[in-house]
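With TSV, C-alpha atoms inside, this is work10.tsv:
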chain	number	residue	atom	x	y	z
A	1	MET	CA	0.00	0.00	0.00
A	2	ALA	CA	2.00	2.93	-1.25
A	3	LYS	CA	-0.72	5.54	-0.72
A	4	SER	CA	-3.05	5.20	2.22
A	5	ALA	CA	-5.03	7.64	4.30
A	6	HIS	CA	-3.97	8.42	7.85
A	7	LYS	CA	-7.10	6.75	9.18
A	8	ASN	CA	-5.89	3.45	7.69
A	9	GLN	CA	-2.56	3.54	9.53
A	10	LEU	CA	-1.97	2.67	13.16
A	11	ALA	CA	1.54	4.07	13.09
A	12	PRO	CA	3.70	5.36	10.23
A	13	GLY	CA	4.18	2.43	7.87
A	14	ILE	CA	1.87	0.08	9.79
A	15	SER	CA	-1.45	-0.57	8.10
A	16	ARG	CA	-4.68	-1.01	10.03
A	17	LEU	CA	-5.79	-3.70	7.55
A	18	SER	CA	-3.98	-6.89	6.68
A	19	ARG	CA	-2.72	-7.52	3.16
A	20	SER	CA	-5.55	-9.96	2.39
A	21	LYS	CA	-8.17	-7.54	3.72
A	22	VAL	CA	-6.86	-4.74	1.47
A	23	PHE	CA	-6.89	-7.13	-1.50
A	24	SER	CA	-10.53	-8.02	-0.91
A	25	LYS	CA	-11.51	-4.37	-0.32
A	26	ARG	CA	-9.93	-3.29	-3.60
A	27	ALA	CA	-11.64	-6.21	-5.39
A	28	ALA	CA	-8.65	-6.53	-7.70
A	29	TYR	CA	-9.64	-10.11	-8.43
A	30	LYS	CA	-12.90	-8.91	-10.03
A	31	VAL	CA	-11.29	-6.49	-12.48
A	32	ALA	CA	-10.76	-7.96	-15.95
A	33	LYS	CA	-7.26	-7.60	-17.36
A	34	GLU	CA	-6.92	-5.32	-20.36
A	35	SER	CA	-6.24	-7.09	-23.63
A	36	LYS	CA	-3.33	-6.01	-25.81
A	37	PRO	CA	-4.22	-4.24	-29.06
A	38	VAL	CA	-4.18	-6.48	-32.10
A	39	ALA	CA	-1.87	-5.43	-34.95
A	40	THR	CA	-3.72	-4.42	-38.11
A	41	GLU	CA	-2.71	-5.59	-41.53
A	42	ALA	CA	-0.99	-3.25	-43.99
A	43	PRO	CA	-3.18	-1.88	-46.82
A	44	ALA	CA	-3.16	-3.72	-50.13
A	45	GLN	CA	-0.76	-2.58	-52.82
A	46	GLY	CA	-3.44	-0.62	-54.70
A	47	GLU	CA	-4.70	1.16	-51.53
A	48	HIS	CA	-1.68	3.35	-50.78
A	49	LYS	CA	-2.61	5.82	-48.03
A	50	SER	CA	-1.05	9.20	-47.36
A	51	TYR	CA	-0.25	8.30	-43.74
A	52	VAL	CA	2.40	5.86	-44.93
A	53	LYS	CA	4.24	8.69	-46.67
A	54	ASN	CA	3.94	10.95	-43.61
A	55	ASP	CA	5.32	8.21	-41.38
A	56	LEU	CA	8.27	7.76	-43.72
A	57	VAL	CA	9.03	11.50	-43.70
A	58	VAL	CA	8.88	11.59	-39.90
A	59	ALA	CA	11.08	8.50	-39.62
A	60	LEU	CA	13.75	9.90	-41.96
A	61	THR	CA	13.84	13.40	-40.47
A	62	ALA	CA	13.59	12.42	-36.79
A	63	LYS	CA	16.54	13.22	-34.57
A	64	PRO	CA	18.01	10.41	-32.46
A	65	ASN	CA	16.48	10.31	-29.00
A	66	VAL	CA	18.98	11.55	-26.45
A	67	MET	CA	16.89	10.13	-23.58
A	68	SER	CA	16.78	6.59	-24.99
A	69	GLN	CA	19.36	5.32	-22.51
A	70	ALA	CA	17.47	6.86	-19.61
A	71	LEU	CA	14.21	5.29	-20.78
A	72	GLU	CA	15.64	1.78	-20.84
A	73	VAL	CA	14.76	-0.24	-17.78
A	74	ARG	CA	17.81	-1.88	-16.31
A	75	LYS	CA	17.56	-5.42	-15.08
A	76	ALA	CA	18.16	-5.78	-11.35
A	77	LYS	CA	21.28	-7.71	-10.43
A	78	ALA	CA	20.72	-10.93	-8.56
A	79	THR	CA	21.87	-10.83	-4.95
A	80	HIS	CA	23.13	-13.89	-3.17
A	81	LYS	CA	22.70	-12.75	0.41
A	82	ALA	CA	21.87	-15.30	3.06
A	83	GLN	CA	18.40	-15.12	4.61
A	84	ARG	CA	18.69	-14.24	8.29
A	85	ALA	CA	16.01	-14.10	10.94
A	86	PRO	CA	15.05	-10.52	11.82
A	87	LYS	CA	16.59	-9.27	15.04
A	88	LEU	CA	14.28	-8.16	17.79
A	89	ARG	CA	14.63	-5.08	19.92
A	90	GLN	CA	16.66	-5.62	23.07
A	91	SER	CA	13.68	-4.58	25.19
A	92	ILE	CA	11.60	-7.49	23.82
A	93	THR	CA	12.45	-10.47	26.02
A	94	PRO	CA	10.40	-13.56	26.91
A	95	GLY	CA	7.60	-12.49	29.23
A	96	THR	CA	7.27	-8.95	27.80
A	97	VAL	CA	3.70	-7.73	27.25
A	98	LEU	CA	3.22	-6.47	23.68
A	99	ILE	CA	0.29	-4.91	21.82
A	100	MET	CA	-0.63	-6.25	18.38
A	101	LEU	CA	-0.66	-3.42	15.81
A	102	ALA	CA	-2.17	-5.06	12.71
A	103	GLY	CA	-4.31	-7.96	11.68
A	104	ARG	CA	-7.24	-9.70	13.25
A	105	PHE	CA	-6.04	-9.30	16.84
A	106	ARG	CA	-4.93	-5.65	16.62
A	107	GLY	CA	-5.12	-3.82	19.91
A	108	GLN	CA	-4.91	-7.07	21.88
A	109	ARG	CA	-2.23	-7.50	24.49
A	110	VAL	CA	-0.02	-10.57	24.17
A	111	VAL	CA	2.90	-12.07	26.06
A	112	PHE	CA	6.08	-12.67	24.05
A	113	LEU	CA	7.30	-16.24	24.56
A	114	LYS	CA	10.13	-16.77	22.08
A	115	GLN	CA	11.27	-15.91	18.58
A	116	LEU	CA	10.80	-18.66	16.05
A	117	ALA	CA	13.78	-19.83	14.03
A	118	SER	CA	12.02	-18.96	10.76
Once more with this new file: its structure as structure tokens, please.
Amino acid sequence: MAKSAHKNQLAPGISRLSRSKVFSKRAAYKVAKESKPVATEAPAQGEHKSYVKNDLVVALTAKPNVMSQALEVRKAKATHKAQRAPKLRQSITPGTVLIMLAGRFRGQRVVFLKQLAS
């Protein structure tokens, strides 16, 4: 959720709704995907149109695009970093009372037992 209203956030960067709840609210699964335009056939040899000539003039007189390198999307380099378990704050120790900030049990108080290996 890049853009969200302040009423939908519990804290900066923490959404009030879970990812699945936002997906169902947006109803993205109901929206039909747009189809790509189908290429049209060129006119027959006897049906020469003026737009073909105009396109040729534009193509021959066009200056090379200086921004072409900037418009190219670079492929991200693959990283081979090891997956590590996220580190917890030092103040979070077994037995600490925490408050859930998102999801079904938001606002509920819980007791931290241990951090899972995953």
**OP:** Measure the distance from atom CA of Ala78 of chain A to atom CA of Ser20 of chain A in Å and round it to one decimal.
**Re:**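 Straight-line distance from atom CA of Ala78 of chain A to atom CA of Ser20 of chain A works out to 28.5 Å.
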Original post:
Which distance in Å separates atom CA of Pro86 of chain A and atom CA of Ser24 of chain A, to one decimal?
Top reply: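 One can read the atom CA of Pro86 of chain A to atom CA of Ser24 of chain A distance as 28.7 Å.
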Per residue of segment 88-114 of chain A within 12 Å of segment 10-15 of chain A, record the nearest atom pair and its distance in Å to one decimal, counting only C-alpha atoms, with rows in chain order and ascending residue number, as a tab-separated table.
residue	atom	partner	partner_atom	distance
A:Ile99	CA	A:Leu10	CA	11.7
A:Met100	CA	A:Leu10	CA	10.4
A:Leu101	CA	A:Leu10	CA	6.8
A:Ala102	CA	A:Ser15	CA	6.5
A:Gly103	CA	A:Ser15	CA	8.7
A:Arg104	CA	A:Ser15	CA	12.0
A:Arg106	CA	A:Leu10	CA	9.5
A:Gly107	CA	A:Leu10	CA	9.9
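Computed from the coordinates, the atom CA of Gly95 of chain A to atom CA of Arg109 of chain A distance equals 12.0 Å.
Minimum atom-to-atom distance to Val97 of chain A, evaluated using only C-alpha atoms, belongs to A:Val111 out of A:Ala76, A:Val58, A:Val111, A:Ala27.
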Subject >> Distance criterion (all atoms listed in the file): nearest to Lys87 of chain A out of A:Ala28, A:Val22, A:Leu116, A:Leu56 >> reply: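 Between A:Ala28, A:Val22, A:Leu116, A:Leu56, the residue approaching Lys87 of chain A most closely is A:Leu116.
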